[in-house]
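Asks: So here's query.txt (compact mmCIF, C-alpha atoms).
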```txt
# COMPACT_ATOMS: atom_id res chain seq x y z
CA MET A 1 20.59 34.85 15.69
CA ALA A 2 20.63 31.51 14.06
CA GLU A 3 22.84 31.68 11.09
CA THR A 4 22.64 29.68 7.96
CA SER A 5 24.36 26.34 8.12
CA VAL A 6 25.88 24.72 5.13
CA ILE A 7 26.77 21.15 4.44
CA GLY A 8 29.24 21.42 1.64
CA ALA A 9 29.30 19.38 -1.53
CA GLY A 10 32.22 17.36 -0.28
CA THR A 11 30.74 16.59 3.11
CA VAL A 12 28.82 13.57 4.20
CA VAL A 13 26.76 13.60 7.37
CA SER A 14 25.67 10.29 8.77
CA GLY A 15 23.21 11.10 11.48
CA HIS A 16 20.47 13.42 12.46
CA VAL A 17 20.59 17.13 11.93
CA ARG A 18 18.27 19.27 13.99
CA GLY A 19 18.07 22.66 15.53
CA GLN A 20 17.30 26.25 14.79
CA GLY A 21 18.20 28.29 11.79
CA SER A 22 18.35 27.56 8.14
CA LEU A 23 20.29 24.88 6.42
CA GLU A 24 21.72 24.51 2.99
CA ILE A 25 22.67 21.06 1.89
CA LEU A 26 25.05 20.70 -1.00
CA GLY A 27 26.52 17.43 0.16
CA ARG A 28 25.06 14.25 1.47
CA VAL A 29 23.02 13.59 4.56
CA ASP A 30 22.05 10.13 5.69
CA GLY A 31 19.60 10.84 8.44
CA ASP A 32 16.71 12.98 9.40
CA VAL A 33 16.87 16.73 9.11
CA SER A 34 14.67 18.87 11.31
CA VAL A 35 15.19 22.58 11.57
CA THR A 36 12.99 25.56 12.36
CA GLY A 37 14.26 27.62 9.48
CA ASN A 38 14.41 26.97 5.80
CA VAL A 39 16.17 24.12 4.12
CA VAL A 40 17.69 24.45 0.70
CA ILE A 41 18.98 21.36 -1.00
CA GLY A 42 21.21 22.26 -3.89
CA SER A 43 21.46 20.31 -7.10
CA THR A 44 24.38 18.38 -5.65
CA GLY A 45 22.56 17.70 -2.39
CA ARG A 46 21.56 14.17 -1.50
CA VAL A 47 19.44 13.39 1.50
CA ARG A 48 18.27 10.03 2.66
CA GLY A 49 15.92 10.69 5.49
CA ASN A 50 12.94 12.74 6.49
CA ILE A 51 13.18 16.48 6.32
CA SER A 52 11.13 18.90 8.36
CA ALA A 53 11.52 22.64 8.03
CA ALA A 54 9.62 25.86 7.54
CA GLU A 55 10.26 26.15 3.85
CA LEU A 56 11.86 23.47 1.78
CA ARG A 57 13.44 24.33 -1.51
CA ILE A 58 14.81 21.30 -3.22
CA SER A 59 16.91 20.98 -6.32
CA GLY A 60 18.72 17.80 -5.35
CA HIS A 61 17.72 14.30 -4.51
CA VAL A 62 15.76 13.27 -1.46
CA GLN A 63 14.70 9.84 -0.37
CA GLY A 64 12.38 10.44 2.52
CA ASP A 65 9.36 12.39 3.60
CA LEU A 66 9.26 16.14 3.30
CA ARG A 67 7.31 18.25 5.71
CA GLY A 68 7.26 22.01 5.30
CA THR A 69 5.37 24.11 7.80
CA VAL A 70 5.32 26.95 5.28
CA ALA A 71 6.03 25.46 1.92
CA VAL A 72 7.71 22.71 -0.01
CA LEU A 73 9.08 23.67 -3.37
CA LEU A 74 10.61 21.24 -5.80
CA GLU A 75 12.78 22.98 -8.32
CA SER A 76 13.73 21.66 -11.70
CA GLY A 77 16.12 18.78 -11.31
CA ALA A 78 14.74 17.77 -7.96
CA ARG A 79 14.13 14.12 -7.36
CA VAL A 80 12.02 13.19 -4.38
CA VAL A 81 10.94 9.74 -3.39
CA GLY A 82 8.70 10.08 -0.39
CA ASP A 83 5.67 11.85 0.89
CA ILE A 84 5.38 15.60 0.63
CA SER A 85 3.16 17.69 2.84
CA GLY A 86 2.80 21.35 3.59
CA PRO A 87 0.42 24.28 3.24
CA ARG A 88 2.04 25.13 -0.04
CA VAL A 89 3.55 22.53 -2.27
CA GLY A 90 5.14 23.43 -5.54
CA ILE A 91 6.55 21.03 -8.08
CA ALA A 92 8.27 22.76 -10.94
CA PRO A 93 8.56 21.31 -14.41
CA GLY A 94 11.54 19.03 -14.54
CA ALA A 95 11.15 17.92 -10.98
CA LEU A 96 10.49 14.32 -10.19
CA ALA A 97 8.33 13.28 -7.27
CA ARG A 98 7.17 9.89 -6.26
CA GLY A 99 4.98 9.59 -3.23
CA HIS A 100 1.96 11.02 -1.53
CA VAL A 101 1.56 14.75 -1.81
CA GLN A 102 -0.75 16.61 0.47
CA THR A 103 -1.33 20.32 0.79
CA ASP A 104 -2.79 20.93 4.17
CA GLY A 105 -2.70 22.98 7.34
CA GLU A 106 -2.12 26.64 7.82
CA PRO A 107 1.25 28.28 7.44
CA ALA A 108 2.99 28.18 10.78
CA ALA A 109 2.67 31.52 12.51
CA ALA A 110 6.22 31.47 13.81
CA PRO A 111 8.29 29.19 11.62
CA VAL A 112 11.56 30.26 13.23
CA ARG A 113 10.52 29.47 16.75
CA SER A 114 11.32 26.50 18.91
CA PRO A 115 11.40 23.26 16.96
CA MET A 116 8.48 21.75 18.82
CA PRO A 117 5.70 24.16 17.80
CA ALA A 118 5.99 23.17 14.20
CA PRO A 119 5.42 19.45 14.73
CA ARG A 120 2.61 20.17 17.14
CA ALA A 121 0.90 22.46 14.69
CA ALA A 122 1.41 19.89 12.02
CA ALA A 123 -0.01 17.05 14.06
CA PRO A 124 -3.54 18.46 14.46
CA ALA A 125 -3.79 19.29 10.79
CA PRO A 126 -3.43 15.71 9.55
CA ALA A 127 -5.86 14.56 12.20
CA LYS A 128 -8.50 16.88 10.78
CA PHE A 129 -7.94 15.58 7.32
CA GLU A 130 -8.01 12.01 8.42
CA ALA A 131 -11.26 12.59 10.24
CA LYS A 132 -12.91 13.99 7.14
CA PRO A 133 -12.24 11.09 4.84
CA ALA A 134 -13.16 8.61 7.54
CA PRO A 135 -16.81 9.69 7.95
CA ALA A 136 -17.27 10.03 4.23
CA ALA A 137 -15.98 6.58 3.45
CA PRO A 138 -18.09 4.56 5.92
CA PRO A 139 -21.47 5.83 4.65
CA LYS A 140 -20.55 4.84 1.15
CA PHE A 141 -19.57 1.36 2.14
CA GLU A 142 -22.43 0.74 4.50
CA PRO A 143 -25.31 1.46 2.13
CA ARG A 144 -23.85 -0.51 -0.69
CA PRO A 145 -23.19 -3.89 0.87
CA PRO A 146 -26.40 -4.24 2.91
CA ALA A 147 -28.70 -3.20 0.09
CA ALA A 148 -26.99 -5.02 -2.71
CA THR A 149 -25.84 -8.25 -1.14
CA PRO A 150 -29.01 -9.30 0.65
CA ALA A 151 -31.23 -8.38 -2.27
CA LYS A 152 -29.09 -10.34 -4.65
CA PHE A 153 -28.78 -13.36 -2.45
CA GLU A 154 -32.44 -13.52 -1.61
CA ALA A 155 -33.60 -12.99 -5.12
CA ARG A 156 -31.21 -15.34 -6.83
CA PRO A 157 -31.39 -18.58 -4.89
CA PRO A 158 -35.08 -18.72 -4.00
CA ALA A 159 -36.59 -17.23 -7.14
CA PRO A 160 -34.72 -19.11 -9.87
CA THR A 161 -34.74 -22.54 -8.29
CA PRO A 162 -38.44 -22.78 -7.52
CA ALA A 163 -39.34 -21.17 -10.82
CA LYS A 164 -37.36 -23.73 -12.75
CA PHE A 165 -38.69 -26.69 -10.86
CA GLU A 166 -42.25 -25.53 -10.88
CA ALA A 167 -42.33 -24.42 -14.47
CA LYS A 168 -40.49 -27.25 -16.14
CA PRO A 169 -41.51 -30.43 -14.37
CA THR A 170 -45.04 -29.69 -13.19
CA PRO A 171 -46.52 -27.78 -16.11
CA ALA A 172 -44.84 -29.83 -18.80
CA ALA A 173 -45.48 -33.22 -17.36
CA PRO A 174 -49.06 -32.71 -16.17
CA ALA A 175 -50.04 -30.72 -19.23
CA LYS A 176 -48.99 -33.54 -21.49
CA PHE A 177 -50.47 -36.17 -19.32
CA GLU A 178 -53.73 -34.38 -18.81
CA ALA A 179 -54.22 -33.27 -22.37
CA LYS A 180 -53.40 -36.55 -24.03
CA PRO A 181 -55.00 -39.01 -21.66
CA PRO A 182 -58.59 -37.79 -21.66
CA PRO A 183 -59.81 -40.49 -19.31
CA ALA A 184 -60.91 -39.24 -15.90
CA ALA A 185 -58.97 -41.88 -14.01
CA PRO A 186 -55.48 -40.89 -15.23
CA PRO A 187 -55.72 -37.25 -14.11
CA LYS A 188 -56.31 -38.33 -10.51
CA PHE A 189 -53.34 -40.60 -10.56
CA GLU A 190 -51.24 -38.18 -12.50
CA PRO A 191 -51.17 -35.43 -9.90
CA ARG A 192 -49.51 -37.79 -7.48
CA PRO A 193 -46.69 -38.90 -9.72
CA PRO A 194 -45.61 -35.47 -10.92
CA PRO A 195 -44.83 -34.13 -7.46
CA VAL A 196 -42.70 -37.12 -6.62
CA PRO A 197 -40.52 -36.90 -9.69
CA ALA A 198 -40.31 -33.17 -9.20
CA LYS A 199 -38.72 -33.68 -5.80
CA PHE A 200 -36.35 -36.23 -7.17
CA GLU A 201 -35.55 -34.03 -10.07
CA ALA A 202 -34.80 -31.11 -7.84
CA LYS A 203 -32.18 -33.10 -5.97
CA ALA A 204 -30.93 -35.03 -8.96
CA PRO A 205 -30.29 -33.83 -12.54
CA LEU A 206 -33.16 -31.87 -14.02
CA PRO A 207 -32.71 -32.49 -17.74
CA PRO A 208 -33.02 -36.28 -17.91
CA PRO A 209 -36.43 -36.65 -16.25
CA PRO A 210 -38.24 -34.00 -18.33
CA LYS A 211 -36.91 -35.49 -21.52
CA LEU A 212 -37.90 -38.95 -20.52
CA ALA A 213 -41.26 -37.84 -19.25
CA PRO A 214 -42.48 -36.50 -22.60
CA SER A 215 -41.33 -39.62 -24.35
CA LYS A 216 -43.31 -41.79 -21.96
CA PRO A 217 -46.69 -40.16 -22.34
CA GLU A 218 -46.53 -40.03 -26.09
CA PRO A 219 -46.09 -43.74 -26.65
CA ARG A 220 -48.39 -44.57 -23.78
CA ASN A 221 -51.09 -42.15 -24.84
CA PRO A 222 -51.88 -44.08 -27.93
CA GLU A 223 -52.27 -47.10 -25.76
CA PRO A 224 -54.53 -45.60 -23.08
CA PRO A 225 -57.46 -45.25 -25.45
CA ARG A 226 -57.32 -49.00 -25.81
CA ALA A 227 -57.27 -49.64 -22.07
CA ALA A 228 -57.71 -46.76 -19.67
CA VAL A 229 -56.61 -48.85 -16.70
CA ALA A 230 -53.30 -49.84 -18.19
CA PRO A 231 -51.77 -46.42 -18.70
CA PRO A 232 -52.35 -45.22 -15.17
CA GLN A 233 -50.36 -48.12 -13.82
CA ALA A 234 -47.51 -47.25 -16.08
CA GLU A 235 -47.72 -43.69 -14.91
CA PHE A 236 -47.95 -44.66 -11.27
CA THR A 237 -44.57 -46.11 -11.54
CA PRO A 238 -43.19 -42.63 -12.04
CA VAL A 239 -40.78 -43.88 -9.50
CA ARG A 240 -39.41 -45.41 -12.65
CA PRO A 241 -37.72 -42.23 -13.71
CA LEU A 242 -34.66 -43.77 -12.21
CA LYS A 243 -35.17 -47.27 -13.64
CA PRO A 244 -37.46 -46.67 -16.64
CA GLU A 245 -34.59 -45.49 -18.77
CA PRO A 246 -33.49 -49.01 -19.68
CA ARG A 247 -37.07 -50.26 -20.07
CA ARG A 248 -38.18 -47.67 -22.59
CA PRO A 249 -35.58 -48.16 -25.25
CA PRO A 250 -35.88 -51.93 -25.38
CA PRO A 251 -39.64 -52.08 -25.89
CA PRO A 252 -39.66 -50.10 -29.12
CA VAL A 253 -36.59 -51.86 -30.37
CA VAL A 254 -37.89 -55.34 -29.73
CA PRO A 255 -41.22 -54.85 -31.49
CA VAL A 256 -39.62 -52.91 -34.31
CA ILE A 257 -37.03 -55.57 -34.80
CA SER A 258 -39.87 -57.76 -35.70
CA LYS A 259 -39.46 -56.10 -39.09
CA GLY A 260 -36.87 -58.70 -39.87
CA THR A 261 -39.57 -61.26 -39.46
CA LYS A 262 -41.59 -59.42 -42.07
CA ALA A 263 -38.75 -59.81 -44.55
CA LYS A 264 -38.48 -63.47 -43.69
CA LYS A 265 -42.21 -63.79 -44.14
CA LYS A 266 -42.05 -62.04 -47.49
CA LYS A 267 -39.18 -64.27 -48.55
CA SER A 268 -41.01 -67.30 -47.36
CA HIS A 269 -44.14 -66.15 -49.25
CA ASP A 270 -42.14 -65.52 -52.33
CA MET B 1 33.87 30.34 2.08
CA ALA B 2 33.96 27.32 4.22
CA GLY B 3 32.69 24.24 2.59
CA THR B 4 30.59 23.18 5.52
CA VAL B 5 29.22 25.35 8.26
CA ILE B 6 27.29 24.07 11.22
CA GLY B 7 25.55 27.17 12.48
CA GLU B 8 24.78 28.07 16.03
CA GLY B 9 21.63 26.40 17.18
CA LEU B 10 22.12 23.44 14.91
CA THR B 11 22.82 20.02 16.34
CA ILE B 12 24.23 17.09 14.49
CA GLU B 13 24.24 13.67 16.02
CA GLY B 14 26.32 11.42 13.89
CA ASP B 15 29.36 11.33 11.75
CA ILE B 16 30.60 14.05 9.46
CA SER B 17 33.13 13.24 6.82
CA GLY B 18 34.37 15.09 3.81
CA ASP B 19 37.21 16.66 1.95
CA GLU B 20 36.58 20.32 2.60
CA GLU B 21 36.83 22.87 5.34
CA ILE B 22 34.39 22.51 8.18
CA VAL B 23 33.33 25.27 10.53
CA ILE B 24 31.28 24.49 13.58
CA HIS B 25 29.35 27.03 15.60
CA GLY B 26 26.70 24.64 16.79
CA ASN B 27 26.70 21.29 18.47
CA LEU B 28 28.15 18.06 17.22
CA ARG B 29 28.11 14.64 18.80
CA GLY B 30 29.71 11.83 16.97
CA ARG B 31 32.79 11.93 14.80
CA LEU B 32 34.32 14.45 12.48
CA THR B 33 36.66 13.48 9.70
CA THR B 34 37.96 15.66 6.91
CA THR B 35 41.07 16.21 4.86
CA ASP B 36 40.91 19.97 5.26
CA ALA B 37 40.82 22.45 8.10
CA VAL B 38 38.40 22.28 11.00
CA THR B 39 37.31 25.36 12.92
CA VAL B 40 35.38 25.14 16.15
CA GLY B 41 33.75 28.49 16.86
CA GLY B 42 33.32 30.13 20.23
CA THR B 43 29.72 29.01 20.56
CA ALA B 44 30.37 25.47 19.51
CA VAL B 45 30.15 22.42 21.68
CA VAL B 46 31.74 19.39 20.13
CA GLY B 47 31.80 15.95 21.61
CA ALA B 48 33.59 14.06 18.92
CA ASP B 49 36.86 12.69 17.75
CA ILE B 50 38.25 15.03 15.16
CA THR B 51 40.52 14.18 12.30
CA GLY B 52 41.67 16.82 9.83
CA ALA B 53 44.53 18.76 8.37
CA SER B 54 44.35 21.43 11.06
CA LEU B 55 42.15 22.32 13.98
CA SER B 56 41.38 25.67 15.54
CA VAL B 57 39.39 25.58 18.76
CA ALA B 58 37.62 28.61 20.23
CA GLY B 59 34.77 26.69 21.76
CA GLN B 60 34.53 23.44 23.66
CA VAL B 61 35.81 20.17 22.30
CA THR B 62 35.78 16.84 24.01
CA GLY B 63 37.46 14.07 22.13
CA ASP B 64 40.68 12.93 20.60
CA VAL B 65 42.19 15.07 17.88
CA THR B 66 44.40 13.98 15.05
CA ALA B 67 45.70 16.67 12.74
CA SER B 68 48.20 16.22 9.95
CA GLU B 69 49.37 19.83 10.25
CA ARG B 70 48.51 21.70 13.41
CA VAL B 71 46.18 22.24 16.33
CA ASP B 72 45.52 25.67 17.85
CA ILE B 73 43.51 26.29 20.96
CA GLN B 74 42.36 29.92 20.99
CA ALA B 75 41.86 32.03 24.03
CA GLY B 76 38.62 30.97 25.66
CA GLY B 77 38.80 27.64 23.95
CA LYS B 78 38.58 24.40 25.85
CA LEU B 79 39.79 21.03 24.73
CA VAL B 80 39.68 17.77 26.60
CA GLY B 81 41.28 14.83 24.88
CA ASP B 82 44.45 13.52 23.39
CA ILE B 83 46.12 15.46 20.62
CA LYS B 84 48.22 14.03 17.88
CA ALA B 85 49.64 16.75 15.68
CA ALA B 86 52.94 17.97 14.29
CA ARG B 87 52.37 21.45 15.71
CA PHE B 88 50.32 22.41 18.70
CA THR B 89 49.69 25.79 20.29
CA ILE B 90 47.71 26.76 23.35
CA ALA B 91 46.78 30.43 23.59
CA ASP B 92 46.79 32.28 26.85
CA GLY B 93 43.46 31.78 28.53
CA ALA B 94 42.73 28.46 26.85
CA SER B 95 42.13 25.30 28.79
CA PHE B 96 43.39 21.92 27.84
CA LYS B 97 43.49 18.51 29.38
CA GLY B 98 44.97 15.49 27.69
CA ASN B 99 48.01 13.96 26.15
CA VAL B 100 49.97 15.44 23.32
CA ASP B 101 51.82 13.52 20.67
CA MET B 102 53.88 15.62 18.25
CA GLU B 103 55.96 12.87 16.73
CA ILE B 104 54.13 12.82 13.46
```
Translate the structure described by the file into structure tokens.
Replies:
Amino acid sequence: MAETSVIGAGTVVSGHVRGQGSLEILGRVDGDVSVTGNVVIGSTGRVRGNISAAELRISGHVQGDLRGTVAVLLESGARVVGDISGPRVGIAPGALARGHVQTDGEPAAAPVRSPMPAPRAAAPAPAKFEAKPAPAAPPKFEPRPPAATPAKFEARPPAPTPAKFEAKPTPAAPAKFEAKPPPAAPPKFEPRPPPVPAKFEAKAPLPPPPKLAPSKPEPRNPEPPRAAVAPPQAEFTPVRPLKPEPRRPPPPVVPVISKGTKAKKKKSHD
Amino acid sequence: MAGTVIGEGLTIEGDISGDEEIVIHGNLRGRLTTTDAVTVGGTAVVGADITGASLSVAGQVTGDVTASERVDIQAGGKLVGDIKAARFTIADGASFKGNVDMEI
């Protein structure tokens, strides 16, 4: 019945080609090609459009999707830019293909029948394949995000922050205060101050207070032994942390500067 | 062998142009332009303006025809449209409706 159609090398078809029978394209086709038979695109063939046929044998250039209900074969010299799908897909050495390639479905029972059966048969096949990847993908995504994200978020913010604040300010400050000032009075007062600075430290910069804190107790400690009452007052003012900074430097400097007086005294003695 | 053959059962919607012989046994809607001969087979149904060196019609053609050499309507052939050709023959049993211009 349907004979083989030929689009010669010197012929250009601008439009759709569809129907029954086989088709050989040696010329150019700008449009979709859909036939029930086989399609052969010779080395001089150029097609810009989608091609659907029972068996596709391509040696020319195609820019469009290829759908073969039986097979799609790219011969050497073929150049295809587009998706390729069919039960059998062959790409020979020397052929160039760029696009998605999928081997799927079952060979059409009656490839040379009415044009509609082929598309219909083809439609269900992709649906099956789409359904498969879909279920597989979700499970992978679901377990990962819930498990990982919450765990990370919960662990990171709460754990590190409290640990830092608790470990650095409280242990360091109280330990120094408690160990150095033996007097019973200071310890009672000390517990109060540490918590306050800790809160302030948490909100404000952490580094400055701890550094300042150690410096305070050391100079003060030597003093407490002289007068137990005096040091506690100094420590009560832990509110100082904000203001104390200027106070601390000057005191040492001022008394130390008195050294110059020593020299004067020596000179005067001499 | 003919350069281009549109087999029976094949339908082309669009333009066909080229420089080689074209034989049509199927359906064509659009326009057909070539520098060589055009043959419309007995099973063909063509709804297109045809331009070529010569035209032989055994099937149905609807459209204007311009041929640089000749136009022949075979017996059983049917052509509706204007014809512009140097030579024009209508076989016995053919049907034709249109104007003819043989001044080329």
Asks: Env of segment 96-98 of chain B: 8 Å cut, atoms = all atoms listed in the file, seq-sep filter 3 positions within chain, self excluded. Answer as a list in words.
Replies: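 Returned residues: Lys78, Leu79, Val80, Gly81, Asp82, Ile83 and Ile90 of chain B.
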Asks: Would you work out the distance separating atom CA of Val6 of chain A from atom CA of Asp104 of chain A, expressed in Å to one decimal?
Replies: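 So the answer is 28.9 Å.
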Asks: Up to 7 Å from chain A, what residues of chain B turn up? Count all atoms listed in the file and give them as a list in words.
Replies: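 The answer, sorted by residue number, is Gly3, Thr4, Val5, Ile6, Gly7, Glu8, Gly9, Leu10, Thr11, Ile12, Glu13, Gly14, Asp15, Ile16, Ser17, Gly18, Asp19 and Glu20 of chain B.
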Asks: Could you please determine the separation between atom CA of Arg79 of chain A and atom CA of Gly30 of chain B in Å, to one decimal place?
Replies: 29.0 Å
Asks: Between atom CA of Asp72 of chain B and atom CA of Ser54 of chain B, what is the spacing in Å?
Replies: 8.1 Å
Asks: Considering only C-alpha atoms, return as a PyMOL selection string whatever protein or nucleic-acid residues lie within 12 Å of Gly93 of chain B, sequence-local ones (same chain, fewer than 5 positions apart) excluded.
Replies: chain B and resi 58+73-79
Asks: Any chance you could export the current selection's C-alpha atoms as a PDB file, keeping the file's coordinate frame?
Replies:
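Result written to again27.pdb:
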```pdb
ATOM      1  CA  ALA B  58      37.620  28.610  20.230  1.00  0.00           C
ATOM      2  CA  ILE B  73      43.510  26.290  20.960  1.00  0.00           C
ATOM      3  CA  GLN B  74      42.360  29.920  20.990  1.00  0.00           C
ATOM      4  CA  ALA B  75      41.860  32.030  24.030  1.00  0.00           C
ATOM      5  CA  GLY B  76      38.620  30.970  25.660  1.00  0.00           C
ATOM      6  CA  GLY B  77      38.800  27.640  23.950  1.00  0.00           C
ATOM      7  CA  LYS B  78      38.580  24.400  25.850  1.00  0.00           C
ATOM      8  CA  LEU B  79      39.790  21.030  24.730  1.00  0.00           C
TER       9      LEU B  79
END
```
Asks: Residues at most 9 Å from segment 36-47 of chain B, counting only C-alpha atoms, excluding those fewer than 2 positions away in the same chain, as a ChimeraX atom specification?
Replies: /B:6-8,18-34,49-63,67,76-77
Asks: Can you fill out segment 87-99 of chain A with N, CA and C atoms and hand it back as a compact mmCIF listing (two decimals), in the frame of the given file?
Replies:
```txt
# COMPACT_ATOMS: atom_id res chain seq x y z
N PRO A 87 1.49 23.38 3.67
CA PRO A 87 0.42 24.28 3.24
C PRO A 87 0.56 24.65 1.77
N ARG A 88 1.80 24.81 1.38
CA ARG A 88 2.04 25.13 -0.04
C ARG A 88 3.03 24.12 -0.58
N VAL A 89 2.66 23.50 -1.64
CA VAL A 89 3.55 22.53 -2.27
C VAL A 89 3.69 22.91 -3.73
N GLY A 90 4.90 23.08 -4.15
CA GLY A 90 5.14 23.43 -5.54
C GLY A 90 6.08 22.42 -6.18
N ILE A 91 5.69 21.95 -7.33
CA ILE A 91 6.55 21.03 -8.08
C ILE A 91 6.77 21.64 -9.45
N ALA A 92 7.97 22.07 -9.69
CA ALA A 92 8.27 22.76 -10.94
C ALA A 92 8.48 21.75 -12.06
N PRO A 93 8.29 22.20 -13.28
CA PRO A 93 8.56 21.31 -14.41
C PRO A 93 10.01 20.83 -14.37
N GLY A 94 10.19 19.57 -14.60
CA GLY A 94 11.54 19.03 -14.54
C GLY A 94 11.85 18.37 -13.21
N ALA A 95 10.96 18.56 -12.27
CA ALA A 95 11.15 17.92 -10.98
C ALA A 95 10.46 16.56 -10.99
N LEU A 96 11.06 15.66 -10.25
CA LEU A 96 10.49 14.32 -10.19
C LEU A 96 10.05 14.04 -8.76
N ALA A 97 8.84 13.60 -8.62
CA ALA A 97 8.33 13.28 -7.27
C ALA A 97 7.60 11.96 -7.33
N ARG A 98 7.88 11.16 -6.36
CA ARG A 98 7.17 9.89 -6.26
C ARG A 98 6.75 9.69 -4.81
N GLY A 99 5.47 9.75 -4.59
CA GLY A 99 4.98 9.59 -3.23
C GLY A 99 3.68 10.34 -3.05
```
